Amino acid sequence: RAGDLTVKPATGTMLSASGRACASSEKYLEQTQINLRREGNVLQIHVQVPEEMQGIGIFYASLDLNVALPATLPVEITDSSGDMTLEGVRVTRVLDSSGDIFARGLPGDVEIEDSSGDISVLDQAGALRISDSSGDIVVRGAREVLIPRDSSGDIRIEQISGSVRIEQDSSGQVQIAGVQGTVNIP
């Protein structure tokens, strides 16, 4: 939901989530929470903010979420708004509506689907797949890169040990350097 998200490795085997909530009234602040739910071997962390805020004036509620978890635990993220920072954890999939994404040192393959905001991925160990509607994409260091769709914004890709493929790019500059495999832009 609304607010920034930071996901980093924990020092041990525990998962922890904490946040900082901001709201336009005490009523909306009380309704802004972090909820944990376990279904089988899947642990879900949800940020709950008020669905409807009505009245006269400006209303808002957001929660900045910090998550620390074992670096080898596979993680899927769904985020609606706010910036995202991912460092050194095994993120497998990101679905994001708005806000910038900064990822560094992710150890495996990652799929990112983003509507708006810049995407920066540095020192990615695995394959990277990015579908994006708007915002710049910067990839520096990955095994391979596939961009099935990019609507607007610049793309800069460097230091790729395998191949790069950009299937559709509507607007923006494309800069590619330091690719050891093939570059394919049909």
# chains A, B, ... in the order shown; residues from 1 in each chain; ligands from 1

$ residues_around --residues "A:Thr11" --least-positions-apart "6" --cutoff "9 Å" --atoms "only C-alpha atoms" --output "PyMOL selection string"
chain A and resi 68-71

$ write_last_selection --atoms "all heavy atoms" --output "compact mmCIF listing (two decimals), in the first residue's frame"
# COMPACT_ATOMS: atom_id res chain seq x y z
N ALA A 68 13.35 -7.38 7.44
CA ALA A 68 14.63 -8.08 7.47
C ALA A 68 14.31 -9.57 7.51
O ALA A 68 13.49 -10.02 8.31
CB ALA A 68 15.43 -7.67 8.70
N LEU A 69 14.98 -10.33 6.62
CA LEU A 69 14.69 -11.76 6.53
C LEU A 69 15.94 -12.51 6.10
O LEU A 69 16.88 -11.91 5.59
CB LEU A 69 13.53 -12.01 5.55
CG LEU A 69 13.63 -11.37 4.18
CD1 LEU A 69 14.31 -12.28 3.19
CD2 LEU A 69 12.24 -11.04 3.70
N PRO A 70 15.95 -13.84 6.32
CA PRO A 70 17.11 -14.63 5.87
C PRO A 70 17.36 -14.42 4.38
O PRO A 70 16.42 -14.43 3.58
CB PRO A 70 16.69 -16.07 6.18
CG PRO A 70 15.70 -15.94 7.29
CD PRO A 70 14.96 -14.67 7.01
N ALA A 71 18.60 -14.21 4.00
CA ALA A 71 18.96 -13.86 2.62
C ALA A 71 18.57 -14.93 1.61
O ALA A 71 18.36 -14.62 0.44
CB ALA A 71 20.46 -13.58 2.54

$ residues_around --residues "A:Asp150" --least-positions-apart "4" --cutoff "7 Å" --atoms "only C-alpha atoms" --output "PDB file with all heavy atoms, in the first residue's frame"
ATOM      1  N   SER A 131       9.345  -5.722 -17.160  1.00  0.00           N
ATOM      2  CA  SER A 131       8.270  -5.127 -17.952  1.00  0.00           C
ATOM      3  C   SER A 131       7.911  -3.818 -17.275  1.00  0.00           C
ATOM      4  O   SER A 131       7.650  -3.785 -16.072  1.00  0.00           O
ATOM      5  CB  SER A 131       7.038  -6.042 -17.998  1.00  0.00           C
ATOM      6  OG  SER A 131       7.346  -7.246 -18.656  1.00  0.00           O
ATOM      7  N   ASP A 132       7.886  -2.714 -18.060  1.00  0.00           N
ATOM      8  CA  ASP A 132       7.754  -1.397 -17.456  1.00  0.00           C
ATOM      9  C   ASP A 132       6.879  -0.499 -18.317  1.00  0.00           C
ATOM     10  O   ASP A 132       6.948  -0.556 -19.543  1.00  0.00           O
ATOM     11  CB  ASP A 132       9.156  -0.778 -17.315  1.00  0.00           C
ATOM     12  CG  ASP A 132       9.135   0.547 -16.599  1.00  0.00           C
ATOM     13  OD1 ASP A 132       8.406   0.678 -15.603  1.00  0.00           O
ATOM     14  OD2 ASP A 132       9.850   1.456 -17.041  1.00  0.00           O
ATOM     15  N   SER A 133       6.054   0.333 -17.684  1.00  0.00           N
ATOM     16  CA  SER A 133       5.226   1.273 -18.423  1.00  0.00           C
ATOM     17  C   SER A 133       5.891   2.643 -18.551  1.00  0.00           C
ATOM     18  O   SER A 133       5.910   3.214 -19.624  1.00  0.00           O
ATOM     19  CB  SER A 133       3.853   1.430 -17.757  1.00  0.00           C
ATOM     20  OG  SER A 133       3.141   0.226 -17.848  1.00  0.00           O
ATOM     21  N   GLN A 168      10.220  -4.898 -26.958  1.00  0.00           N
ATOM     22  CA  GLN A 168       9.397  -3.754 -27.339  1.00  0.00           C
ATOM     23  C   GLN A 168       9.785  -2.548 -26.503  1.00  0.00           C
ATOM     24  O   GLN A 168       9.792  -2.611 -25.279  1.00  0.00           O
ATOM     25  CB  GLN A 168       7.914  -4.069 -27.130  1.00  0.00           C
ATOM     26  CG  GLN A 168       7.001  -2.924 -27.477  1.00  0.00           C
ATOM     27  CD  GLN A 168       5.549  -3.229 -27.158  1.00  0.00           C
ATOM     28  OE1 GLN A 168       5.204  -4.336 -26.777  1.00  0.00           O
ATOM     29  NE2 GLN A 168       4.694  -2.234 -27.296  1.00  0.00           N
ATOM     30  N   ASP A 169      10.087  -1.427 -27.180  1.00  0.00           N
ATOM     31  CA  ASP A 169      10.396  -0.169 -26.506  1.00  0.00           C
ATOM     32  C   ASP A 169       9.710   0.939 -27.290  1.00  0.00           C
ATOM     33  O   ASP A 169       9.999   1.140 -28.460  1.00  0.00           O
ATOM     34  CB  ASP A 169      11.911   0.058 -26.453  1.00  0.00           C
ATOM     35  CG  ASP A 169      12.253   1.343 -25.732  1.00  0.00           C
ATOM     36  OD1 ASP A 169      11.613   1.630 -24.706  1.00  0.00           O
ATOM     37  OD2 ASP A 169      13.140   2.068 -26.203  1.00  0.00           O
ATOM     38  N   SER A 170       8.787   1.648 -26.652  1.00  0.00           N
ATOM     39  CA  SER A 170       8.010   2.670 -27.355  1.00  0.00           C
ATOM     40  C   SER A 170       8.738   3.997 -27.471  1.00  0.00           C
ATOM     41  O   SER A 170       8.713   4.619 -28.515  1.00  0.00           O
ATOM     42  CB  SER A 170       6.665   2.873 -26.656  1.00  0.00           C
ATOM     43  OG  SER A 170       5.932   1.675 -26.672  1.00  0.00           O
TER      44      SER A 170
END

$ closest_residue --among "A:Lys8, A:Lys27, A:Arg165, A:Arg129" --to "A:Leu106" --atoms "only C-alpha atoms"
A:Lys8

$ select_by_dssp --residues "stretch 33-101 of chain A" --states "strand (DSSP E or B)" --output "number ranges by chain"
A: 33-39, 42-48, 61-69, 75-79, 84-87, 91-98, 101

$ residues_around --residues "A:Val94" --least-positions-apart "5" --cutoff "12 Å" --atoms "only C-alpha atoms" --output "PDB file with all heavy atoms, in the first residue's frame"
ATOM      1  N   LEU A   5       9.166   0.920   1.009  1.00  0.00           N
ATOM      2  CA  LEU A   5       9.456  -0.455   1.424  1.00  0.00           C
ATOM      3  C   LEU A   5      10.947  -0.697   1.332  1.00  0.00           C
ATOM      4  O   LEU A   5      11.566  -0.394   0.313  1.00  0.00           O
ATOM      5  CB  LEU A   5       8.722  -1.447   0.512  1.00  0.00           C
ATOM      6  CG  LEU A   5       9.073  -2.928   0.671  1.00  0.00           C
ATOM      7  CD1 LEU A   5       8.669  -3.433   2.050  1.00  0.00           C
ATOM      8  CD2 LEU A   5       8.411  -3.757  -0.418  1.00  0.00           C
ATOM      9  N   VAL A   7      13.714  -3.918   2.023  1.00  0.00           N
ATOM     10  CA  VAL A   7      13.889  -5.335   2.344  1.00  0.00           C
ATOM     11  C   VAL A   7      15.384  -5.626   2.330  1.00  0.00           C
ATOM     12  O   VAL A   7      16.051  -5.426   1.316  1.00  0.00           O
ATOM     13  CB  VAL A   7      13.150  -6.252   1.337  1.00  0.00           C
ATOM     14  CG1 VAL A   7      13.321  -7.707   1.729  1.00  0.00           C
ATOM     15  CG2 VAL A   7      11.677  -5.880   1.248  1.00  0.00           C
ATOM     16  N   PRO A  74      13.066 -17.193  -0.428  1.00  0.00           N
ATOM     17  CA  PRO A  74      12.490 -16.589  -1.630  1.00  0.00           C
ATOM     18  C   PRO A  74      11.363 -15.620  -1.279  1.00  0.00           C
ATOM     19  O   PRO A  74      10.526 -15.916  -0.437  1.00  0.00           O
ATOM     20  CB  PRO A  74      11.975 -17.776  -2.439  1.00  0.00           C
ATOM     21  CG  PRO A  74      11.913 -18.914  -1.499  1.00  0.00           C
ATOM     22  CD  PRO A  74      12.813 -18.627  -0.340  1.00  0.00           C
ATOM     23  N   VAL A  75      11.363 -14.451  -1.954  1.00  0.00           N
ATOM     24  CA  VAL A  75      10.425 -13.380  -1.626  1.00  0.00           C
ATOM     25  C   VAL A  75       9.720 -12.894  -2.889  1.00  0.00           C
ATOM     26  O   VAL A  75      10.363 -12.661  -3.911  1.00  0.00           O
ATOM     27  CB  VAL A  75      11.177 -12.186  -0.988  1.00  0.00           C
ATOM     28  CG1 VAL A  75      10.227 -11.039  -0.690  1.00  0.00           C
ATOM     29  CG2 VAL A  75      11.917 -12.601   0.256  1.00  0.00           C
ATOM     30  N   GLU A  76       8.393 -12.735  -2.799  1.00  0.00           N
ATOM     31  CA  GLU A  76       7.598 -12.083  -3.832  1.00  0.00           C
ATOM     32  C   GLU A  76       7.008 -10.822  -3.222  1.00  0.00           C
ATOM     33  O   GLU A  76       6.503 -10.861  -2.097  1.00  0.00           O
ATOM     34  CB  GLU A  76       6.478 -12.992  -4.335  1.00  0.00           C
ATOM     35  CG  GLU A  76       6.972 -14.174  -5.127  1.00  0.00           C
ATOM     36  CD  GLU A  76       5.834 -14.976  -5.749  1.00  0.00           C
ATOM     37  OE1 GLU A  76       4.676 -14.502  -5.766  1.00  0.00           O
ATOM     38  OE2 GLU A  76       6.117 -16.084  -6.227  1.00  0.00           O
ATOM     39  N   ILE A  77       7.058  -9.713  -3.966  1.00  0.00           N
ATOM     40  CA  ILE A  77       6.604  -8.426  -3.439  1.00  0.00           C
ATOM     41  C   ILE A  77       5.518  -7.862  -4.346  1.00  0.00           C
ATOM     42  O   ILE A  77       5.685  -7.807  -5.562  1.00  0.00           O
ATOM     43  CB  ILE A  77       7.775  -7.426  -3.360  1.00  0.00           C
ATOM     44  CG1 ILE A  77       8.833  -7.941  -2.379  1.00  0.00           C
ATOM     45  CG2 ILE A  77       7.281  -6.041  -2.962  1.00  0.00           C
ATOM     46  CD1 ILE A  77      10.118  -7.150  -2.390  1.00  0.00           C
ATOM     47  N   THR A  78       4.409  -7.421  -3.741  1.00  0.00           N
ATOM     48  CA  THR A  78       3.373  -6.662  -4.428  1.00  0.00           C
ATOM     49  C   THR A  78       3.261  -5.332  -3.698  1.00  0.00           C
ATOM     50  O   THR A  78       3.014  -5.301  -2.492  1.00  0.00           O
ATOM     51  CB  THR A  78       2.018  -7.401  -4.399  1.00  0.00           C
ATOM     52  OG1 THR A  78       2.181  -8.681  -5.004  1.00  0.00           O
ATOM     53  CG2 THR A  78       0.959  -6.617  -5.141  1.00  0.00           C
ATOM     54  N   ASP A  79       3.439  -4.234  -4.446  1.00  0.00           N
ATOM     55  CA  ASP A  79       3.481  -2.913  -3.837  1.00  0.00           C
ATOM     56  C   ASP A  79       2.659  -1.951  -4.686  1.00  0.00           C
ATOM     57  O   ASP A  79       2.728  -1.988  -5.908  1.00  0.00           O
ATOM     58  CB  ASP A  79       4.935  -2.437  -3.755  1.00  0.00           C
ATOM     59  CG  ASP A  79       5.080  -1.151  -2.983  1.00  0.00           C
ATOM     60  OD1 ASP A  79       4.430  -1.005  -1.937  1.00  0.00           O
ATOM     61  OD2 ASP A  79       5.852  -0.284  -3.422  1.00  0.00           O
ATOM     62  N   SER A  80       1.879  -1.082  -4.033  1.00  0.00           N
ATOM     63  CA  SER A  80       1.043  -0.181  -4.810  1.00  0.00           C
ATOM     64  C   SER A  80       1.658   1.196  -4.984  1.00  0.00           C
ATOM     65  O   SER A  80       1.566   1.766  -6.059  1.00  0.00           O
ATOM     66  CB  SER A  80      -0.356  -0.077  -4.203  1.00  0.00           C
ATOM     67  OG  SER A  80      -0.286   0.358  -2.873  1.00  0.00           O
ATOM     68  N   MET A  84      10.943   1.633  -3.306  1.00  0.00           N
ATOM     69  CA  MET A  84      11.306   0.303  -2.832  1.00  0.00           C
ATOM     70  C   MET A  84      12.818   0.150  -2.894  1.00  0.00           C
ATOM     71  O   MET A  84      13.433   0.465  -3.908  1.00  0.00           O
ATOM     72  CB  MET A  84      10.628  -0.726  -3.745  1.00  0.00           C
ATOM     73  CG  MET A  84      10.791  -2.153  -3.323  1.00  0.00           C
ATOM     74  SD  MET A  84      10.004  -3.323  -4.501  1.00  0.00           S
ATOM     75  CE  MET A  84       8.380  -2.657  -4.723  1.00  0.00           C
ATOM     76  N   THR A  85      13.419  -0.348  -1.798  1.00  0.00           N
ATOM     77  CA  THR A  85      14.843  -0.646  -1.747  1.00  0.00           C
ATOM     78  C   THR A  85      15.004  -2.111  -1.369  1.00  0.00           C
ATOM     79  O   THR A  85      14.499  -2.550  -0.336  1.00  0.00           O
ATOM     80  CB  THR A  85      15.562   0.241  -0.704  1.00  0.00           C
ATOM     81  OG1 THR A  85      15.345   1.609  -1.043  1.00  0.00           O
ATOM     82  CG2 THR A  85      17.048  -0.048  -0.667  1.00  0.00           C
ATOM     83  N   LEU A  86      15.714  -2.862  -2.224  1.00  0.00           N
ATOM     84  CA  LEU A  86      15.940  -4.291  -2.014  1.00  0.00           C
ATOM     85  C   LEU A  86      17.434  -4.534  -2.046  1.00  0.00           C
ATOM     86  O   LEU A  86      18.084  -4.206  -3.030  1.00  0.00           O
ATOM     87  CB  LEU A  86      15.258  -5.097  -3.127  1.00  0.00           C
ATOM     88  CG  LEU A  86      13.814  -4.728  -3.461  1.00  0.00           C
ATOM     89  CD1 LEU A  86      13.356  -5.419  -4.731  1.00  0.00           C
ATOM     90  CD2 LEU A  86      12.906  -5.052  -2.296  1.00  0.00           C
ATOM     91  N   ILE A 101      12.236   1.846  -7.859  1.00  0.00           N
ATOM     92  CA  ILE A 101      12.748   0.572  -7.348  1.00  0.00           C
ATOM     93  C   ILE A 101      14.267   0.626  -7.426  1.00  0.00           C
ATOM     94  O   ILE A 101      14.829   0.884  -8.492  1.00  0.00           O
ATOM     95  CB  ILE A 101      12.236  -0.624  -8.170  1.00  0.00           C
ATOM     96  CG1 ILE A 101      10.719  -0.724  -8.108  1.00  0.00           C
ATOM     97  CG2 ILE A 101      12.886  -1.925  -7.693  1.00  0.00           C
ATOM     98  CD1 ILE A 101      10.128  -1.763  -9.062  1.00  0.00           C
ATOM     99  N   PHE A 102      14.933   0.386  -6.297  1.00  0.00           N
ATOM    100  CA  PHE A 102      16.386   0.272  -6.260  1.00  0.00           C
ATOM    101  C   PHE A 102      16.721  -1.101  -5.707  1.00  0.00           C
ATOM    102  O   PHE A 102      16.306  -1.447  -4.597  1.00  0.00           O
ATOM    103  CB  PHE A 102      17.012   1.357  -5.382  1.00  0.00           C
ATOM    104  CG  PHE A 102      18.489   1.207  -5.235  1.00  0.00           C
ATOM    105  CD1 PHE A 102      19.346   1.660  -6.221  1.00  0.00           C
ATOM    106  CD2 PHE A 102      19.031   0.573  -4.128  1.00  0.00           C
ATOM    107  CE1 PHE A 102      20.721   1.503  -6.103  1.00  0.00           C
ATOM    108  CE2 PHE A 102      20.398   0.411  -3.995  1.00  0.00           C
ATOM    109  CZ  PHE A 102      21.244   0.875  -4.989  1.00  0.00           C
ATOM    110  N   ALA A 103      17.454  -1.914  -6.486  1.00  0.00           N
ATOM    111  CA  ALA A 103      17.827  -3.269  -6.053  1.00  0.00           C
ATOM    112  C   ALA A 103      19.329  -3.446  -6.224  1.00  0.00           C
ATOM    113  O   ALA A 103      19.889  -3.078  -7.256  1.00  0.00           O
ATOM    114  CB  ALA A 103      17.078  -4.310  -6.865  1.00  0.00           C
ATOM    115  N   ASP A 109      17.461 -15.198  -9.944  1.00  0.00           N
ATOM    116  CA  ASP A 109      16.666 -14.655 -11.034  1.00  0.00           C
ATOM    117  C   ASP A 109      15.532 -13.799 -10.476  1.00  0.00           C
ATOM    118  O   ASP A 109      14.926 -14.155  -9.465  1.00  0.00           O
ATOM    119  CB  ASP A 109      16.065 -15.785 -11.874  1.00  0.00           C
ATOM    120  CG  ASP A 109      17.130 -16.636 -12.559  1.00  0.00           C
ATOM    121  OD1 ASP A 109      18.310 -16.229 -12.573  1.00  0.00           O
ATOM    122  OD2 ASP A 109      16.778 -17.710 -13.085  1.00  0.00           O
ATOM    123  N   VAL A 110      15.237 -12.682 -11.165  1.00  0.00           N
ATOM    124  CA  VAL A 110      14.212 -11.750 -10.684  1.00  0.00           C
ATOM    125  C   VAL A 110      13.331 -11.316 -11.851  1.00  0.00           C
ATOM    126  O   VAL A 110      13.834 -11.018 -12.934  1.00  0.00           O
ATOM    127  CB  VAL A 110      14.839 -10.498 -10.034  1.00  0.00           C
ATOM    128  CG1 VAL A 110      13.755  -9.528  -9.576  1.00  0.00           C
ATOM    129  CG2 VAL A 110      15.735 -10.864  -8.876  1.00  0.00           C
ATOM    130  N   GLU A 111      12.015 -11.262 -11.610  1.00  0.00           N
ATOM    131  CA  GLU A 111      11.054 -10.724 -12.565  1.00  0.00           C
ATOM    132  C   GLU A 111      10.431  -9.473 -11.953  1.00  0.00           C
ATOM    133  O   GLU A 111       9.941  -9.511 -10.825  1.00  0.00           O
ATOM    134  CB  GLU A 111       9.970 -11.749 -12.866  1.00  0.00           C
ATOM    135  CG  GLU A 111       8.920 -11.246 -13.821  1.00  0.00           C
ATOM    136  CD  GLU A 111       7.834 -12.266 -14.105  1.00  0.00           C
ATOM    137  OE1 GLU A 111       7.971 -13.429 -13.671  1.00  0.00           O
ATOM    138  OE2 GLU A 111       6.850 -11.884 -14.737  1.00  0.00           O
ATOM    139  N   ILE A 112      10.475  -8.350 -12.693  1.00  0.00           N
ATOM    140  CA  ILE A 112       9.917  -7.083 -12.219  1.00  0.00           C
ATOM    141  C   ILE A 112       8.852  -6.621 -13.205  1.00  0.00           C
ATOM    142  O   ILE A 112       9.126  -6.502 -14.400  1.00  0.00           O
ATOM    143  CB  ILE A 112      11.002  -6.000 -12.076  1.00  0.00           C
ATOM    144  CG1 ILE A 112      12.051  -6.420 -11.045  1.00  0.00           C
ATOM    145  CG2 ILE A 112      10.380  -4.655 -11.702  1.00  0.00           C
ATOM    146  CD1 ILE A 112      13.249  -5.493 -10.961  1.00  0.00           C
ATOM    147  N   GLU A 113       7.641  -6.353 -12.697  1.00  0.00           N
ATOM    148  CA  GLU A 113       6.572  -5.733 -13.479  1.00  0.00           C
ATOM    149  C   GLU A 113       6.229  -4.431 -12.788  1.00  0.00           C
ATOM    150  O   GLU A 113       5.834  -4.425 -11.626  1.00  0.00           O
ATOM    151  CB  GLU A 113       5.347  -6.645 -13.554  1.00  0.00           C
ATOM    152  CG  GLU A 113       5.582  -7.890 -14.376  1.00  0.00           C
ATOM    153  CD  GLU A 113       4.316  -8.719 -14.560  1.00  0.00           C
ATOM    154  OE1 GLU A 113       3.218  -8.113 -14.665  1.00  0.00           O
ATOM    155  OE2 GLU A 113       4.438  -9.939 -14.594  1.00  0.00           O
ATOM    156  N   ASP A 114       6.397  -3.311 -13.532  1.00  0.00           N
ATOM    157  CA  ASP A 114       6.280  -1.989 -12.927  1.00  0.00           C
ATOM    158  C   ASP A 114       5.426  -1.083 -13.804  1.00  0.00           C
ATOM    159  O   ASP A 114       5.539  -1.121 -15.027  1.00  0.00           O
ATOM    160  CB  ASP A 114       7.689  -1.392 -12.764  1.00  0.00           C
ATOM    161  CG  ASP A 114       7.670  -0.055 -12.075  1.00  0.00           C
ATOM    162  OD1 ASP A 114       7.005   0.061 -11.038  1.00  0.00           O
ATOM    163  OD2 ASP A 114       8.311   0.876 -12.585  1.00  0.00           O
ATOM    164  N   SER A 115       4.582  -0.262 -13.178  1.00  0.00           N
ATOM    165  CA  SER A 115       3.761   0.684 -13.931  1.00  0.00           C
ATOM    166  C   SER A 115       4.446   2.030 -14.097  1.00  0.00           C
ATOM    167  O   SER A 115       4.497   2.571 -15.185  1.00  0.00           O
ATOM    168  CB  SER A 115       2.404   0.877 -13.249  1.00  0.00           C
ATOM    169  OG  SER A 115       1.682  -0.324 -13.269  1.00  0.00           O
ATOM    170  N   ILE A 119      13.652   2.293 -12.345  1.00  0.00           N
ATOM    171  CA  ILE A 119      14.121   0.991 -11.866  1.00  0.00           C
ATOM    172  C   ILE A 119      15.633   0.964 -11.999  1.00  0.00           C
ATOM    173  O   ILE A 119      16.166   1.188 -13.087  1.00  0.00           O
ATOM    174  CB  ILE A 119      13.522  -0.168 -12.685  1.00  0.00           C
ATOM    175  CG1 ILE A 119      11.997  -0.162 -12.612  1.00  0.00           C
ATOM    176  CG2 ILE A 119      14.088  -1.507 -12.216  1.00  0.00           C
ATOM    177  CD1 ILE A 119      11.331  -1.126 -13.575  1.00  0.00           C
ATOM    178  N   LEU A 128      17.442 -11.376 -15.309  1.00  0.00           N
ATOM    179  CA  LEU A 128      16.543 -10.292 -14.950  1.00  0.00           C
ATOM    180  C   LEU A 128      15.529 -10.090 -16.066  1.00  0.00           C
ATOM    181  O   LEU A 128      15.900  -9.987 -17.233  1.00  0.00           O
ATOM    182  CB  LEU A 128      17.371  -9.021 -14.742  1.00  0.00           C
ATOM    183  CG  LEU A 128      16.675  -7.763 -14.285  1.00  0.00           C
ATOM    184  CD1 LEU A 128      16.000  -7.974 -12.938  1.00  0.00           C
ATOM    185  CD2 LEU A 128      17.695  -6.636 -14.173  1.00  0.00           C
ATOM    186  N   ARG A 129      14.245 -10.047 -15.688  1.00  0.00           N
ATOM    187  CA  ARG A 129      13.162  -9.796 -16.648  1.00  0.00           C
ATOM    188  C   ARG A 129      12.400  -8.574 -16.145  1.00  0.00           C
ATOM    189  O   ARG A 129      11.900  -8.586 -15.016  1.00  0.00           O
ATOM    190  CB  ARG A 129      12.240 -11.004 -16.728  1.00  0.00           C
ATOM    191  CG  ARG A 129      11.062 -10.822 -17.650  1.00  0.00           C
ATOM    192  CD  ARG A 129      10.114 -12.022 -17.543  1.00  0.00           C
ATOM    193  NE  ARG A 129       8.903 -11.780 -18.300  1.00  0.00           N
ATOM    194  CZ  ARG A 129       8.608 -12.368 -19.443  1.00  0.00           C
ATOM    195  NH1 ARG A 129       9.429 -13.269 -19.947  1.00  0.00           N
ATOM    196  NH2 ARG A 129       7.493 -12.091 -20.072  1.00  0.00           N
ATOM    197  N   ILE A 130      12.310  -7.523 -16.989  1.00  0.00           N
ATOM    198  CA  ILE A 130      11.653  -6.280 -16.583  1.00  0.00           C
ATOM    199  C   ILE A 130      10.596  -5.896 -17.612  1.00  0.00           C
ATOM    200  O   ILE A 130      10.909  -5.739 -18.788  1.00  0.00           O
ATOM    201  CB  ILE A 130      12.662  -5.119 -16.444  1.00  0.00           C
ATOM    202  CG1 ILE A 130      13.716  -5.425 -15.390  1.00  0.00           C
ATOM    203  CG2 ILE A 130      11.930  -3.816 -16.115  1.00  0.00           C
ATOM    204  CD1 ILE A 130      14.814  -4.385 -15.289  1.00  0.00           C
ATOM    205  N   SER A 131       9.345  -5.722 -17.160  1.00  0.00           N
ATOM    206  CA  SER A 131       8.270  -5.127 -17.952  1.00  0.00           C
ATOM    207  C   SER A 131       7.911  -3.818 -17.275  1.00  0.00           C
ATOM    208  O   SER A 131       7.650  -3.785 -16.072  1.00  0.00           O
ATOM    209  CB  SER A 131       7.038  -6.042 -17.998  1.00  0.00           C
ATOM    210  OG  SER A 131       7.346  -7.246 -18.656  1.00  0.00           O
ATOM    211  N   ASP A 132       7.886  -2.714 -18.060  1.00  0.00           N
ATOM    212  CA  ASP A 132       7.754  -1.397 -17.456  1.00  0.00           C
ATOM    213  C   ASP A 132       6.879  -0.499 -18.317  1.00  0.00           C
ATOM    214  O   ASP A 132       6.948  -0.556 -19.543  1.00  0.00           O
ATOM    215  CB  ASP A 132       9.156  -0.778 -17.315  1.00  0.00           C
ATOM    216  CG  ASP A 132       9.135   0.547 -16.599  1.00  0.00           C
ATOM    217  OD1 ASP A 132       8.406   0.678 -15.603  1.00  0.00           O
ATOM    218  OD2 ASP A 132       9.850   1.456 -17.041  1.00  0.00           O
TER     219      ASP A 132
END

$ atom_distance --atom1 "atom CA of A:Gln33" --atom2 "atom CA of A:Glu52"
15.1 Å

$ closest_residue --among "A:Ser98, A:Thr92, A:Ser16, A:Asn35" --to "A:Asp4" --atoms "only C-alpha atoms"
A:Ser98

$ atom_distance --atom1 "atom CA of A:Leu36" --atom2 "atom CA of A:Ala21"
16.3 Å

$ residues_around --residues "A:Leu29" --least-positions-apart "4" --cutoff "9 Å" --atoms "only C-alpha atoms" --output "list in words"
Ala21, Cys22, Ala23, Ser24, Ser25, Gln33, Val49, Pro50, Ala61 and Ser62 of chain A

$ closest_residue --among "A:Val138, A:Asp118, A:Pro186, A:Pro107" --to "A:Arg90" --atoms "only C-alpha atoms"
A:Pro107

$ residues_around --residues "A:Gly82" --least-positions-apart "5" --cutoff "6 Å" --atoms "only C-alpha atoms" --output "JSON, numbers by chain"
{"A": [2, 3, 4, 99]}

$ residues_around --residues "stretch 39-48 of chain A" --least-positions-apart "3" --cutoff "8 Å" --atoms "only C-alpha atoms" --output "list of chain:residue names"
A:Arg1, A:Ala17, A:Gln31, A:Thr32, A:Gln33, A:Ile34, A:Asn35, A:Leu36, A:Leu63, A:Leu65

$ atom_distance --atom1 "atom CA of A:Ala127" --atom2 "atom CA of A:Gly153"
21.4 Å

$ residues_around --residues "A:Arg156" --least-positions-apart "2" --cutoff "12 Å" --atoms "only C-alpha atoms" --output "ChimeraX atom specification"
/A:118-122,135-141,145,147,153-154,158-160,164,166,172-179

$ select_by_dssp --residues "chain A" --states "alpha helix (DSSP H)" --output "compact mmCIF listing (two decimals) with C-alpha atoms, in the first residue's frame"
# COMPACT_ATOMS: atom_id res chain seq x y z
CA GLU A 26 -5.73 9.63 14.85
CA LYS A 27 -8.64 7.57 13.47
CA TYR A 28 -6.71 6.77 10.26
CA LEU A 29 -3.50 6.18 12.19
CA GLU A 30 -5.22 3.51 14.30

$ decode --residues "stretch 94-104 of chain A" --atoms "N, CA and C atoms" --output "PDB file, in the first residue's frame"
ATOM      1  N   VAL A  94       8.629  -9.017  -8.396  1.00  0.00           N
ATOM      2  CA  VAL A  94       8.155  -7.735  -7.894  1.00  0.00           C
ATOM      3  C   VAL A  94       7.034  -7.254  -8.806  1.00  0.00           C
ATOM      4  N   LEU A  95       5.868  -6.971  -8.232  1.00  0.00           N
ATOM      5  CA  LEU A  95       4.759  -6.323  -8.925  1.00  0.00           C
ATOM      6  C   LEU A  95       4.580  -4.963  -8.263  1.00  0.00           C
ATOM      7  N   ASP A  96       4.795  -3.885  -9.033  1.00  0.00           N
ATOM      8  CA  ASP A  96       4.798  -2.555  -8.446  1.00  0.00           C
ATOM      9  C   ASP A  96       3.962  -1.602  -9.292  1.00  0.00           C
ATOM     10  N   SER A  97       3.163  -0.769  -8.637  1.00  0.00           N
ATOM     11  CA  SER A  97       2.340   0.193  -9.366  1.00  0.00           C
ATOM     12  C   SER A  97       3.051   1.514  -9.562  1.00  0.00           C
ATOM     13  N   SER A  98       3.572   2.111  -8.496  1.00  0.00           N
ATOM     14  CA  SER A  98       4.257   3.393  -8.655  1.00  0.00           C
ATOM     15  C   SER A  98       5.332   3.548  -7.593  1.00  0.00           C
ATOM     16  N   GLY A  99       6.312   4.356  -7.927  1.00  0.00           N
ATOM     17  CA  GLY A  99       7.451   4.568  -7.054  1.00  0.00           C
ATOM     18  C   GLY A  99       8.702   3.969  -7.657  1.00  0.00           C
ATOM     19  N   ASP A 100       9.835   4.483  -7.256  1.00  0.00           N
ATOM     20  CA  ASP A 100      11.116   3.993  -7.765  1.00  0.00           C
ATOM     21  C   ASP A 100      11.480   2.667  -7.110  1.00  0.00           C
ATOM     22  N   ILE A 101      12.236   1.846  -7.859  1.00  0.00           N
ATOM     23  CA  ILE A 101      12.748   0.572  -7.348  1.00  0.00           C
ATOM     24  C   ILE A 101      14.267   0.626  -7.426  1.00  0.00           C
ATOM     25  N   PHE A 102      14.933   0.386  -6.297  1.00  0.00           N
ATOM     26  CA  PHE A 102      16.386   0.272  -6.260  1.00  0.00           C
ATOM     27  C   PHE A 102      16.721  -1.101  -5.707  1.00  0.00           C
ATOM     28  N   ALA A 103      17.454  -1.914  -6.486  1.00  0.00           N
ATOM     29  CA  ALA A 103      17.827  -3.269  -6.053  1.00  0.00           C
ATOM     30  C   ALA A 103      19.329  -3.446  -6.224  1.00  0.00           C
ATOM     31  N   ARG A 104      19.981  -4.020  -5.203  1.00  0.00           N
ATOM     32  CA  ARG A 104      21.423  -4.251  -5.259  1.00  0.00           C
ATOM     33  C   ARG A 104      21.748  -5.615  -4.674  1.00  0.00           C
TER      34      ARG A 104
END
